[in-house]
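Trainee: Enclosed is the structure file final08.cif (mmCIF, C-alpha atoms).
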data_start
loop_
_atom_site.label_atom_id
_atom_site.label_comp_id
_atom_site.auth_asym_id
_atom_site.auth_seq_id
_atom_site.Cartn_x
_atom_site.Cartn_y
_atom_site.Cartn_z
CA MET A 1 0.00 0.00 0.00
CA THR A 2 1.31 3.42 -0.99
CA ILE A 3 0.85 6.18 1.56
CA GLU A 4 0.16 9.52 -0.05
CA ARG A 5 2.68 12.21 0.78
CA VAL A 6 1.28 14.61 3.36
CA PRO A 7 2.60 18.20 3.41
CA ALA A 8 4.71 18.74 6.51
CA ARG A 9 2.51 21.57 7.72
CA LEU A 10 -0.49 19.21 7.82
CA SER A 11 1.11 16.28 9.61
CA GLY A 12 0.30 15.68 13.25
CA ALA A 13 -3.32 16.69 12.85
CA THR A 14 -5.07 16.67 16.22
CA SER A 15 -8.30 18.67 16.15
CA HIS A 16 -11.37 17.95 14.06
CA GLY A 17 -10.59 20.96 11.87
CA HIS A 18 -6.99 19.97 11.22
CA LEU A 19 -8.05 16.42 10.49
CA LEU A 20 -10.55 17.65 7.91
CA ASN A 21 -7.87 19.91 6.43
CA LEU A 22 -5.59 16.91 6.06
CA ILE A 23 -8.30 14.90 4.30
CA ARG A 24 -9.04 17.80 1.95
CA ALA A 25 -5.38 18.44 1.15
CA THR A 26 -4.63 14.84 0.22
CA GLY A 27 -7.82 14.13 -1.70
CA GLY A 28 -8.76 11.40 0.76
CA MET A 29 -7.06 8.75 2.89
CA SER A 30 -7.91 5.48 4.57
CA ARG A 31 -8.20 5.22 8.33
CA GLN A 32 -4.89 3.38 8.45
CA GLN A 33 -3.19 6.09 6.44
CA LEU A 34 -4.65 8.75 8.73
CA LEU A 35 -3.36 6.90 11.79
CA ALA A 36 0.12 6.73 10.27
CA SER A 37 0.13 10.34 9.14
CA THR A 38 -1.24 11.98 12.28
CA GLY A 39 0.13 9.82 15.09
CA MET A 40 -3.30 9.94 16.76
CA SER A 41 -4.59 7.04 18.79
CA ARG A 42 -7.10 4.81 17.07
CA ALA A 43 -9.85 5.74 19.55
CA THR A 44 -9.28 9.47 19.14
CA LEU A 45 -9.09 9.29 15.36
CA TYR A 46 -12.26 7.20 15.07
CA GLU A 47 -14.16 9.51 17.42
CA ARG A 48 -13.22 12.54 15.34
CA LEU A 49 -13.99 10.84 12.06
CA GLU A 50 -17.39 9.87 13.43
CA THR A 51 -18.07 13.49 14.40
CA LEU A 52 -17.04 14.71 10.93
CA LEU A 53 -19.22 12.03 9.33
CA ARG A 54 -22.24 13.08 11.38
CA ARG A 55 -21.57 16.69 10.41
CA ASN A 56 -21.64 15.65 6.76
CA LEU A 57 -18.10 16.98 6.33
CA ILE A 58 -16.58 13.70 5.13
CA TYR A 59 -17.84 10.47 3.59
CA GLU A 60 -16.61 6.96 2.98
CA ALA A 61 -15.79 6.67 -0.70
CA GLU A 62 -14.34 3.93 -2.90
CA SER A 63 -12.69 0.78 -1.61
CA MET A 64 -8.91 0.74 -1.68
CA GLU A 65 -6.53 -2.09 -2.51
CA ALA A 66 -6.82 -5.00 -0.10
CA THR A 67 -3.83 -5.57 2.21
CA GLY A 68 -4.52 -9.05 3.54
CA GLY A 69 -7.79 -8.28 5.28
CA ARG A 70 -10.98 -6.63 4.13
CA ARG A 71 -10.69 -3.67 1.83
CA SER A 72 -10.46 -0.32 3.55
CA ARG A 73 -12.40 2.64 2.24
CA LYS A 74 -11.03 6.05 1.43
CA ILE A 75 -12.30 8.88 3.61
CA ARG A 76 -12.99 11.92 1.44
CA PHE A 77 -14.03 15.51 2.02
CA GLU A 78 -17.77 15.88 1.44
CA ASP A 79 -17.87 18.37 -1.40
CA ARG A 80 -20.69 16.80 -3.40
CA GLY A 81 -23.38 19.35 -4.21
CA ARG A 82 -21.70 22.14 -2.29
CA VAL A 83 -21.42 25.42 -4.19
CA VAL A 84 -20.02 28.93 -3.80
CA LEU A 85 -21.72 32.05 -5.14
CA SER A 86 -19.40 34.78 -6.44
CA PHE A 87 -19.95 38.38 -7.45
CA ALA A 88 -17.01 39.85 -9.39
CA LEU A 89 -17.70 43.58 -9.71
CA GLY A 90 -15.78 45.79 -12.10
CA GLN A 91 -16.32 49.45 -12.86
CA THR A 92 -18.40 48.86 -16.01
CA HIS A 93 -19.54 45.24 -15.73
CA ALA A 94 -20.01 42.41 -13.26
CA THR A 95 -20.06 38.63 -13.33
CA VAL A 96 -22.19 36.48 -11.05
CA ALA A 97 -21.18 32.82 -10.89
CA VAL A 98 -22.02 29.59 -9.11
CA SER A 99 -18.96 27.34 -8.74
CA ASP A 100 -18.24 24.00 -7.17
CA THR A 101 -15.72 23.73 -4.35
CA ASN A 102 -12.87 23.19 -6.81
CA GLY A 103 -13.62 26.45 -8.60
CA ARG A 104 -15.32 24.97 -11.65
CA GLN A 105 -17.99 27.41 -12.80
CA LEU A 106 -21.35 25.69 -13.10
CA ARG A 107 -23.45 28.69 -14.15
CA SER A 108 -22.62 32.35 -14.65
CA ARG A 109 -23.95 35.59 -16.08
CA SER A 110 -22.22 38.87 -16.92
CA VAL A 111 -23.99 42.21 -17.10
CA GLU A 112 -23.06 45.83 -17.71
CA HIS A 113 -23.41 48.35 -14.90
CA ARG A 114 -21.86 51.50 -13.46
CA ILE A 115 -20.08 50.88 -10.18
CA ASN A 116 -20.29 54.57 -9.19
CA ALA A 117 -24.09 54.46 -9.13
CA PRO A 118 -25.93 54.26 -5.77
CA GLU A 119 -25.28 50.97 -4.01
CA ASP A 120 -28.81 49.56 -4.23
CA THR A 121 -29.04 50.13 -8.00
CA VAL A 122 -25.81 48.16 -8.43
CA LEU A 123 -26.12 45.42 -5.82
CA GLN A 124 -29.80 44.50 -5.86
CA PRO A 125 -29.91 43.49 -9.58
CA LEU A 126 -26.84 41.33 -9.03
CA ILE A 127 -28.38 39.70 -5.96
CA ARG A 128 -31.45 38.86 -8.05
CA ILE A 129 -29.23 37.24 -10.67
CA GLY A 130 -27.47 35.28 -7.94
CA THR A 131 -30.81 34.01 -6.67
CA GLU A 132 -31.82 32.93 -10.17
CA LEU A 133 -28.53 31.10 -10.75
CA LEU A 134 -28.85 29.26 -7.43
CA ASP A 135 -32.48 28.36 -8.14
CA ALA A 136 -31.41 26.84 -11.47
CA GLY A 137 -29.39 24.15 -9.69
CA THR A 138 -30.68 20.95 -8.14
CA GLY A 139 -29.38 19.15 -5.06
CA GLU A 140 -26.96 21.96 -4.22
CA THR A 141 -26.04 23.55 -0.90
CA LEU A 142 -24.72 27.09 -0.77
CA ILE A 143 -21.79 27.21 1.66
CA GLY A 144 -20.53 30.76 1.21
CA ILE A 145 -20.39 33.90 -0.90
CA GLY A 146 -17.48 35.88 -2.28
CA VAL A 147 -17.63 39.46 -3.58
CA SER A 148 -14.82 41.41 -5.25
CA VAL A 149 -14.93 45.17 -5.77
CA PRO A 150 -12.55 47.63 -7.49
CA ALA A 151 -11.66 49.41 -4.26
CA PRO A 152 -9.51 48.85 -1.16
CA VAL A 153 -11.15 46.44 1.29
CA ASP A 154 -10.66 45.66 4.96
CA ALA A 155 -10.52 41.88 4.74
CA GLY A 156 -11.41 41.47 8.41
CA THR A 157 -14.74 43.30 8.22
CA GLY A 158 -15.48 43.20 4.50
CA TYR A 159 -15.90 46.97 4.56
CA VAL A 160 -14.76 49.14 1.67
CA VAL A 161 -12.15 51.74 2.65
CA HIS A 162 -11.15 54.86 0.68
CA PRO A 163 -13.96 54.22 -1.85
CA THR A 164 -12.73 56.47 -4.69
CA THR A 165 -14.52 54.38 -7.32
CA ILE A 166 -17.73 54.02 -5.28
CA PRO A 167 -18.03 57.27 -3.33
CA GLU A 168 -21.80 56.97 -2.79
CA TRP A 169 -21.60 53.58 -1.08
CA GLU A 170 -21.60 53.04 2.65
CA PRO A 171 -18.50 51.11 3.82
CA ASP A 172 -20.63 48.11 4.85
CA ALA A 173 -22.87 48.20 1.75
CA VAL A 174 -21.72 44.86 0.33
CA VAL A 175 -21.81 42.93 3.61
CA THR A 176 -25.21 44.34 4.60
CA SER A 177 -26.87 43.73 1.22
CA VAL A 178 -25.58 40.19 0.75
CA SER A 179 -26.16 39.04 4.36
CA SER A 180 -29.75 40.25 4.22
CA GLN A 181 -30.38 37.76 1.41
CA TRP A 182 -28.25 34.77 2.48
CA GLN A 183 -27.17 33.67 5.95
CA VAL A 184 -23.85 32.08 5.01
CA PRO A 185 -20.22 33.17 5.45
CA ILE A 186 -19.24 36.11 3.25
CA VAL A 187 -15.85 37.16 1.92
CA VAL A 188 -15.27 40.62 0.41
CA GLU A 189 -11.99 41.33 -1.37
CA ASN A 190 -10.41 43.79 -3.76
CA ASP A 191 -10.86 42.65 -7.37
CA ALA A 192 -7.16 42.57 -8.27
CA ARG A 193 -6.24 40.66 -5.11
CA ALA A 194 -8.96 38.09 -5.79
CA GLY A 195 -7.67 37.82 -9.36
CA ALA A 196 -4.11 37.34 -8.14
CA LEU A 197 -5.12 34.38 -5.98
CA GLY A 198 -7.18 32.95 -8.84
CA GLU A 199 -4.20 33.09 -11.18
CA CYS A 200 -1.85 31.21 -8.83
CA THR A 201 -0.97 27.80 -10.22
CA THR A 202 0.86 26.35 -7.21
CA GLU A 203 0.69 26.91 -3.46
CA ASN A 204 4.33 28.05 -3.14
CA GLU A 205 4.25 30.47 -6.07
CA THR A 206 4.83 34.22 -5.80
CA THR A 207 2.52 36.00 -8.23
CA VAL A 208 2.03 39.63 -9.13
CA TYR A 209 -1.27 40.17 -10.92
CA VAL A 210 -2.09 43.48 -12.60
CA LYS A 211 -5.61 44.15 -13.79
CA VAL A 212 -5.74 46.80 -16.51
CA ALA A 213 -9.35 47.67 -17.20
CA THR A 214 -11.12 50.97 -16.51
CA GLY A 215 -8.55 51.50 -13.76
CA ILE A 216 -5.37 49.71 -12.73
CA GLY A 217 -5.23 47.34 -9.79
CA CYS A 218 -2.54 45.00 -8.51
CA GLY A 219 -2.62 41.93 -6.30
CA ILE A 220 0.38 40.12 -4.85
CA VAL A 221 0.31 36.55 -3.54
CA VAL A 222 3.24 34.93 -1.74
CA ASN A 223 3.04 31.23 -0.85
CA GLY A 224 -0.75 31.30 -1.14
CA THR A 225 -1.13 34.38 1.07
CA ILE A 226 -2.53 37.65 -0.27
CA LEU A 227 -0.52 40.72 0.71
CA ARG A 228 -3.07 43.30 1.87
CA GLY A 229 -0.95 45.87 3.67
CA ALA A 230 -1.55 47.70 6.93
CA HIS A 231 -4.70 49.45 5.72
CA GLY A 232 -5.89 47.17 2.92
CA ALA A 233 -4.36 49.26 0.14
CA ALA A 234 -1.39 47.08 -0.90
CA GLY A 235 -1.17 46.97 -4.69
CA ASP A 236 -2.80 50.35 -5.30
CA ILE A 237 -0.29 51.02 -8.07
CA GLY A 238 -2.64 53.15 -10.15
CA HIS A 239 -1.55 56.15 -8.12
CA ILE A 240 2.20 55.65 -8.38
CA HIS A 241 3.65 58.99 -9.46
CA VAL A 242 5.34 58.60 -12.86
CA ALA A 243 5.47 62.22 -14.17
CA SER A 244 5.44 65.55 -12.34
CA ASP A 245 3.76 67.34 -15.25
CA GLY A 246 1.38 64.56 -16.25
CA PRO A 247 -2.42 64.64 -16.65
CA LEU A 248 -4.68 65.38 -13.69
CA CYS A 249 -5.78 62.22 -11.88
CA ARG A 250 -9.13 61.79 -10.16
CA CYS A 251 -7.21 61.56 -6.88
CA GLY A 252 -6.31 65.24 -7.33
CA ARG A 253 -2.65 64.77 -8.19
CA ARG A 254 -0.91 64.94 -11.55
CA GLY A 255 1.06 62.24 -13.28
CA CYS A 256 -0.34 59.08 -11.64
CA LEU A 257 0.21 55.82 -13.51
CA ALA A 258 -3.53 55.55 -14.12
CA THR A 259 -3.51 58.75 -16.20
CA PHE A 260 -1.13 57.07 -18.66
CA SER A 261 -2.00 53.39 -18.67
CA SER A 262 -5.56 52.79 -17.46
CA GLY A 263 -8.47 51.98 -19.72
CA SER A 264 -10.20 55.24 -18.86
CA SER A 265 -7.14 57.24 -19.92
CA LEU A 266 -7.02 55.31 -23.20
CA ILE A 267 -10.69 56.10 -23.83
CA ASP A 268 -9.93 59.79 -23.26
CA ARG A 269 -7.10 59.72 -25.79
CA LEU A 270 -8.94 57.62 -28.36
CA ASN A 271 -12.30 59.33 -28.05
CA SER A 272 -11.59 61.34 -31.20
CA GLN A 273 -11.22 57.99 -33.03
CA GLY A 274 -14.73 56.98 -31.96
CA MET A 275 -13.60 54.77 -29.07
CA THR A 276 -15.97 55.10 -26.13
CA SER A 277 -15.51 51.78 -24.30
CA LEU A 278 -12.86 49.22 -23.46
CA ASP A 279 -14.58 46.61 -25.61
CA GLU A 280 -14.32 48.92 -28.62
CA ILE A 281 -10.62 49.44 -27.95
CA ALA A 282 -10.08 45.69 -27.64
CA ARG A 283 -11.88 45.05 -30.94
CA ALA A 284 -9.87 47.79 -32.67
CA ALA A 285 -6.66 46.27 -31.28
CA GLU A 286 -7.65 42.88 -32.67
CA GLN A 287 -8.28 44.48 -36.05
CA GLY A 288 -4.84 46.11 -35.99
CA GLN A 289 -5.90 49.75 -36.11
CA PRO A 290 -2.63 51.76 -36.08
CA ASP A 291 -3.74 54.65 -33.84
CA VAL A 292 -5.11 52.25 -31.24
CA GLU A 293 -1.99 50.10 -31.36
CA ALA A 294 0.26 53.14 -30.86
CA GLN A 295 -1.68 54.29 -27.80
CA LEU A 296 -1.76 50.80 -26.30
CA LEU A 297 1.97 50.28 -26.77
CA SER A 298 2.70 53.65 -25.17
CA ALA A 299 0.46 52.84 -22.20
CA ALA A 300 2.03 49.40 -21.83
CA ASP A 301 5.54 50.85 -21.89
CA VAL A 302 4.76 53.26 -19.05
CA LEU A 303 3.11 50.47 -17.08
CA GLY A 304 6.10 48.16 -17.61
CA GLY A 305 8.45 50.86 -16.37
CA ALA A 306 6.40 51.32 -13.21
CA LEU A 307 6.09 47.57 -12.63
CA ALA A 308 9.84 47.04 -12.82
CA ALA A 309 10.13 48.42 -9.28
CA THR A 310 7.35 46.12 -8.02
CA VAL A 311 8.93 43.11 -9.70
CA THR A 312 12.34 43.98 -8.27
CA THR A 313 10.88 44.35 -4.78
CA VAL A 314 8.77 41.19 -4.80
CA ASN A 315 10.85 38.97 -7.14
CA PRO A 316 7.83 36.93 -8.33
CA ASN A 317 7.72 33.71 -10.33
CA ARG A 318 5.08 35.23 -12.58
CA LEU A 319 3.72 38.64 -13.54
CA VAL A 320 0.21 38.15 -14.91
CA LEU A 321 -1.72 40.79 -16.86
CA GLY A 322 -5.51 40.71 -16.59
CA GLY A 323 -8.48 42.88 -17.47
CA THR A 324 -9.86 43.89 -20.86
CA ILE A 325 -6.75 45.89 -21.76
CA GLY A 326 -4.14 43.82 -19.94
CA THR A 327 -4.99 40.62 -21.84
CA ILE A 328 -4.53 42.21 -25.30
CA PRO A 329 -1.57 40.16 -26.60
CA TYR A 330 0.73 42.93 -27.79
CA PHE A 331 -0.06 45.06 -24.73
CA ALA A 332 1.08 42.21 -22.48
CA GLU A 333 4.13 41.62 -24.68
CA GLN A 334 5.16 45.28 -24.46
CA VAL A 335 4.83 45.19 -20.67
CA ARG A 336 6.98 42.06 -20.63
CA SER A 337 9.63 43.66 -22.84
CA ARG A 338 9.86 46.82 -20.72
CA VAL A 339 9.96 44.97 -17.39
CA LEU A 340 12.70 42.59 -18.54
CA LYS A 341 14.66 45.53 -19.94
CA ASP A 342 14.50 47.52 -16.70
CA VAL A 343 15.16 44.87 -14.06
CA VAL A 344 18.56 43.35 -13.33
CA GLU A 345 19.40 39.94 -14.72
CA ARG A 346 19.01 38.01 -11.46
CA ILE A 347 15.43 39.33 -11.15
CA ALA A 348 14.58 38.70 -14.81
CA GLU A 349 15.93 35.15 -14.73
CA GLY A 350 13.03 32.72 -14.77
CA LEU A 351 10.39 35.48 -14.58
CA LEU A 352 7.32 34.77 -16.67
CA VAL A 353 5.26 37.74 -17.85
CA VAL A 354 2.01 36.53 -19.38
CA ALA A 355 -1.56 37.51 -20.17
CA GLY A 356 -3.98 35.83 -17.78
CA ALA A 357 -7.54 34.58 -18.09
CA THR A 358 -10.01 36.80 -19.89
CA GLY A 359 -13.18 38.13 -18.31
CA ASP A 360 -13.70 37.61 -14.58
CA HIS A 361 -12.54 33.99 -14.39
CA ALA A 362 -9.52 34.78 -12.21
CA ALA A 363 -11.54 36.84 -9.72
CA VAL A 364 -14.27 34.19 -9.47
CA ASP A 365 -11.68 31.46 -8.92
CA GLY A 366 -9.93 33.54 -6.28
CA LEU A 367 -13.17 34.29 -4.48
CA THR A 368 -14.08 30.61 -4.43
CA ARG A 369 -10.72 29.78 -2.87
CA LEU A 370 -11.15 32.49 -0.24
CA VAL A 371 -14.63 31.26 0.68
CA MET A 372 -13.38 27.68 0.99
CA ARG A 373 -10.53 28.83 3.22
CA LYS A 374 -12.90 30.73 5.48
CA VAL A 375 -15.62 28.11 5.73
CA PHE A 376 -13.34 25.09 6.20
CA ALA A 377 -10.46 26.66 8.11
CA PRO A 378 -9.45 24.32 10.98
CA ASP A 379 -10.40 26.90 13.60
CA ALA A 380 -13.80 27.48 11.97
CA ILE A 381 -14.57 23.74 11.95
CA ASP A 382 -13.44 23.35 15.56
CA MET A 383 -15.65 26.24 16.66
CA LEU A 384 -18.60 24.80 14.74
CA ILE A 385 -18.27 21.48 16.51
CA VAL A 386 -17.86 23.06 19.96
CA ASP A 387 -20.59 25.69 19.57
CA TYR A 388 -23.18 23.46 17.86
CA PRO A 389 -22.73 19.91 19.16
CA ILE A 390 -24.86 17.12 17.72
CA ASN A 391 -26.70 15.28 20.46
#
Please lay out the structure from this file as structure tokens.
Mentor:
Amino acid sequence: MTIERVPARLSGATSHGHLLNLIRATGGMSRQQLLASTGMSRATLYERLETLLRRNLIYEAESMEATGGRRSRKIRFEDRGRVVLSFALGQTHATVAVSDTNGRQLRSRSVEHRINAPEDTVLQPLIRIGTELLDAGTGETLIGIGVSVPAPVDAGTGYVVHPTTIPEWEPDAVVTSVSSQWQVPIVVENDARAGALGECTTENETTVYVKVATGIGCGIVVNGTILRGAHGAAGDIGHIHVASDGPLCRCGRRGCLATFSSGSSLIDRLNSQGMTSLDEIARAAEQGQPDVEAQLLSAADVLGGALAATVTTVNPNRLVLGGTIGTIPYFAEQVRSRVLKDVVERIAEGLLVVAGATGDHAAVDGLTRLVMRKVFAPDAIDMLIVDYPIN
């Protein structure tokens, strides 16, 4: 019998929550494998497995290879029928999605909106769509909800802080609106940070994700952990000062990165060419319109110059470009070229600079991961079992 390798940080599981985390991380183990991996006594392990079974958190799955006696059965995490609802809000559109616990989108819908409108006119239509998507499923259980917004967020409370893009919203608007409809755990995160987590391919990867859409946002993930900063504003690179005599930014200063490289700045410069939306710019780029290409390459070059400092500081495995503008192939290539030109060789070595997933796939995936972490964190499971015992 082959024992699956258990990550060192998961070995020695003792509590119900850590035991469940071990089962989730390995994809399932037999009782004998769990005994060997955790060092728990048989009586303690079986008691905790029984509690998790009664809580419908694990189940006995397929039989494993016989080892001289009767076949043992693999104990798996009970993820069947469990779903996460995600709301990925951008400045001009939003995606509502229902995903399984592995992040696979089961149903989704994208709509246009204006994020700077009053909170109810933005959130209530999306909540109705979420209700419709959930009602369209059968045999599903909603376990949590994730919401991403293009603004700094206090991850502890879910409140929006420094809401430049949504000045008419109350700080608790998202939490209050969503919790009034569904009584499940809620995660609220900045859109670029959610996208950064969604773009990570391995747990020990360092990723810098830059969303270039109406504005510019950045998320940084190190070893699976999102860097949020002291006040939830880490990655707010749109307001890096790149020129003392540059255009006036909505923050009141001149020469911010956003005034050169954001989608809104591109619309301003291309308005005379009939470009009034990011989708129109993306279509013109695909068609190879020279004026559009020139503006995009200029914007990408400025962005790449600004990102060189971030890349040098963080030294990531990958720099991923997202958003309607960021995923345009030659825009991403120009960013790559400028970054690799500006950083020293030891930073550039092995660095991948790529265009990420289109649409809101990265944000939805990141939100699903965050919800799963919150709902099934070892401490959360232990508190559930202590606070709500099954008689």
Trainee: Looking at A:Val314, A:Ala192, A:Leu297, A:Val353, which one is nearest to Ile216 in chain A, with distances taken over all atoms listed in the file?
Mentor: A:Ala192
Trainee: Please write the residues picked by the PyMOL selection byres ((chain A and resi 302) around 12) on this file as a ChimeraX atom specification.
Mentor: /A:238,240-243,255-262,295-301,303-308,331,334-339,342
Trainee: Env of Ile145 in chain A: 8 Å cut, atoms = all atoms listed in the file, seq-sep filter 2 positions within chain, self excluded. Answer as a PyMOL selection string.
Mentor: chain A and resi 84-87+143+147+184-187+368+371
Trainee: Looking at A:His18, A:Lys74, A:His231, A:Arg107, which one is nearest to Gln32 in chain A, with distances taken over all atoms listed in the file?
Mentor: A:Lys74
Trainee: Please enumerate the residues selected by the PyMOL selection byres ((chain A and resi 383-390) around 9) when evaluated against the supplied file, formatted as number ranges by chain.
Mentor: A: 16-17, 51-52, 54-55, 378-382, 391
Trainee: From the options A:Ile75, A:Ile115, A:Ala94, A:Val221, which residue's atoms come nearest to Gly130 in chain A, counting all atoms listed in the file?
Mentor: A:Ala94
Trainee: Which residues are close to Gly356 in chain A, i.e. within 10 Å by all atoms listed in the file, leaving aside same-chain residues fewer than 6 positions away? Reply as a ChimeraX atom specification.
Mentor: /A:195-196,198-199,209-211,319-323,326-328,332,362
Trainee: Between CA of Gln91 in chain A and CA of Leu227 in chain A, what is the spacing in Å?
Mentor: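 Distance between the two atoms: 22.6 Å.
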Trainee: In Å, how far is it from CA of Tyr59 in chain A to CA of Ser108 in chain A?
Mentor: 28.9 Å
Trainee: Mind telling me what the PyMOL selection byres ((chain A and resi 113) around 6) catches here, as a list of chain:residue names?
Mentor: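 Residues picked by the PyMOL selection byres ((chain A and resi 113) around 6): A:Thr92, A:His93, A:Glu112, A:Arg114.
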Trainee: Under the rule that all atoms listed in the file are counted, which of A:Ile325, A:Val175, A:Val83, A:Ala213 is the nearest residue to Gly139 in chain A?
Mentor: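 When distances to Gly139 in chain A are compared using all atoms listed in the file, the smallest one comes from A:Val83.
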Trainee: Should you be able to, write range 248-263 of chain A of this structure into a file that contains N, CA, C and O atoms, as a PDB file, in the first residue's frame.
Mentor:
ATOM      1  N   LEU A 248      -4.035  65.333 -15.002  1.00  0.00           N
ATOM      2  CA  LEU A 248      -4.677  65.380 -13.692  1.00  0.00           C
ATOM      3  C   LEU A 248      -5.409  64.067 -13.426  1.00  0.00           C
ATOM      4  O   LEU A 248      -6.209  63.611 -14.243  1.00  0.00           O
ATOM      5  N   CYS A 249      -5.134  63.477 -12.269  1.00  0.00           N
ATOM      6  CA  CYS A 249      -5.778  62.221 -11.883  1.00  0.00           C
ATOM      7  C   CYS A 249      -7.005  62.530 -11.035  1.00  0.00           C
ATOM      8  O   CYS A 249      -7.101  63.591 -10.416  1.00  0.00           O
ATOM      9  N   ARG A 250      -7.919  61.585 -10.963  1.00  0.00           N
ATOM     10  CA  ARG A 250      -9.127  61.794 -10.164  1.00  0.00           C
ATOM     11  C   ARG A 250      -8.815  61.877  -8.678  1.00  0.00           C
ATOM     12  O   ARG A 250      -9.636  62.352  -7.889  1.00  0.00           O
ATOM     13  N   CYS A 251      -7.602  61.444  -8.280  1.00  0.00           N
ATOM     14  CA  CYS A 251      -7.215  61.562  -6.876  1.00  0.00           C
ATOM     15  C   CYS A 251      -6.791  62.982  -6.539  1.00  0.00           C
ATOM     16  O   CYS A 251      -6.563  63.305  -5.371  1.00  0.00           O
ATOM     17  N   GLY A 252      -6.676  63.847  -7.552  1.00  0.00           N
ATOM     18  CA  GLY A 252      -6.313  65.240  -7.328  1.00  0.00           C
ATOM     19  C   GLY A 252      -4.866  65.567  -7.632  1.00  0.00           C
ATOM     20  O   GLY A 252      -4.489  66.747  -7.671  1.00  0.00           O
ATOM     21  N   ARG A 253      -4.048  64.534  -7.861  1.00  0.00           N
ATOM     22  CA  ARG A 253      -2.647  64.771  -8.190  1.00  0.00           C
ATOM     23  C   ARG A 253      -2.433  64.657  -9.695  1.00  0.00           C
ATOM     24  O   ARG A 253      -3.296  64.190 -10.437  1.00  0.00           O
ATOM     25  N   ARG A 254      -1.263  65.047 -10.137  1.00  0.00           N
ATOM     26  CA  ARG A 254      -0.908  64.938 -11.546  1.00  0.00           C
ATOM     27  C   ARG A 254       0.134  63.843 -11.742  1.00  0.00           C
ATOM     28  O   ARG A 254       1.003  63.624 -10.905  1.00  0.00           O
ATOM     29  N   GLY A 255       0.028  63.179 -12.887  1.00  0.00           N
ATOM     30  CA  GLY A 255       1.062  62.237 -13.277  1.00  0.00           C
ATOM     31  C   GLY A 255       0.981  60.860 -12.671  1.00  0.00           C
ATOM     32  O   GLY A 255       1.971  60.125 -12.667  1.00  0.00           O
ATOM     33  N   CYS A 256      -0.181  60.447 -12.156  1.00  0.00           N
ATOM     34  CA  CYS A 256      -0.340  59.082 -11.644  1.00  0.00           C
ATOM     35  C   CYS A 256      -0.283  58.085 -12.798  1.00  0.00           C
ATOM     36  O   CYS A 256      -0.643  58.398 -13.941  1.00  0.00           O
ATOM     37  N   LEU A 257       0.135  56.875 -12.497  1.00  0.00           N
ATOM     38  CA  LEU A 257       0.207  55.822 -13.511  1.00  0.00           C
ATOM     39  C   LEU A 257      -1.114  55.643 -14.240  1.00  0.00           C
ATOM     40  O   LEU A 257      -1.136  55.417 -15.459  1.00  0.00           O
ATOM     41  N   ALA A 258      -2.214  55.748 -13.505  1.00  0.00           N
ATOM     42  CA  ALA A 258      -3.532  55.546 -14.116  1.00  0.00           C
ATOM     43  C   ALA A 258      -3.823  56.547 -15.229  1.00  0.00           C
ATOM     44  O   ALA A 258      -4.565  56.245 -16.160  1.00  0.00           O
ATOM     45  N   THR A 259      -3.239  57.742 -15.154  1.00  0.00           N
ATOM     46  CA  THR A 259      -3.506  58.746 -16.195  1.00  0.00           C
ATOM     47  C   THR A 259      -2.784  58.430 -17.499  1.00  0.00           C
ATOM     48  O   THR A 259      -3.069  59.036 -18.533  1.00  0.00           O
ATOM     49  N   PHE A 260      -1.858  57.474 -17.457  1.00  0.00           N
ATOM     50  CA  PHE A 260      -1.130  57.073 -18.662  1.00  0.00           C
ATOM     51  C   PHE A 260      -1.547  55.694 -19.178  1.00  0.00           C
ATOM     52  O   PHE A 260      -1.541  55.465 -20.387  1.00  0.00           O
ATOM     53  N   SER A 261      -1.878  54.785 -18.274  1.00  0.00           N
ATOM     54  CA  SER A 261      -1.997  53.385 -18.673  1.00  0.00           C
ATOM     55  C   SER A 261      -3.337  52.727 -18.397  1.00  0.00           C
ATOM     56  O   SER A 261      -3.525  51.562 -18.768  1.00  0.00           O
ATOM     57  N   SER A 262      -4.260  53.406 -17.747  1.00  0.00           N
ATOM     58  CA  SER A 262      -5.562  52.788 -17.457  1.00  0.00           C
ATOM     59  C   SER A 262      -6.457  52.810 -18.684  1.00  0.00           C
ATOM     60  O   SER A 262      -6.236  53.569 -19.640  1.00  0.00           O
ATOM     61  N   GLY A 263      -7.497  51.986 -18.628  1.00  0.00           N
ATOM     62  CA  GLY A 263      -8.467  51.975 -19.716  1.00  0.00           C
ATOM     63  C   GLY A 263      -9.181  53.289 -19.874  1.00  0.00           C
ATOM     64  O   GLY A 263      -9.446  53.738 -20.999  1.00  0.00           O
TER      65      GLY A 263
END
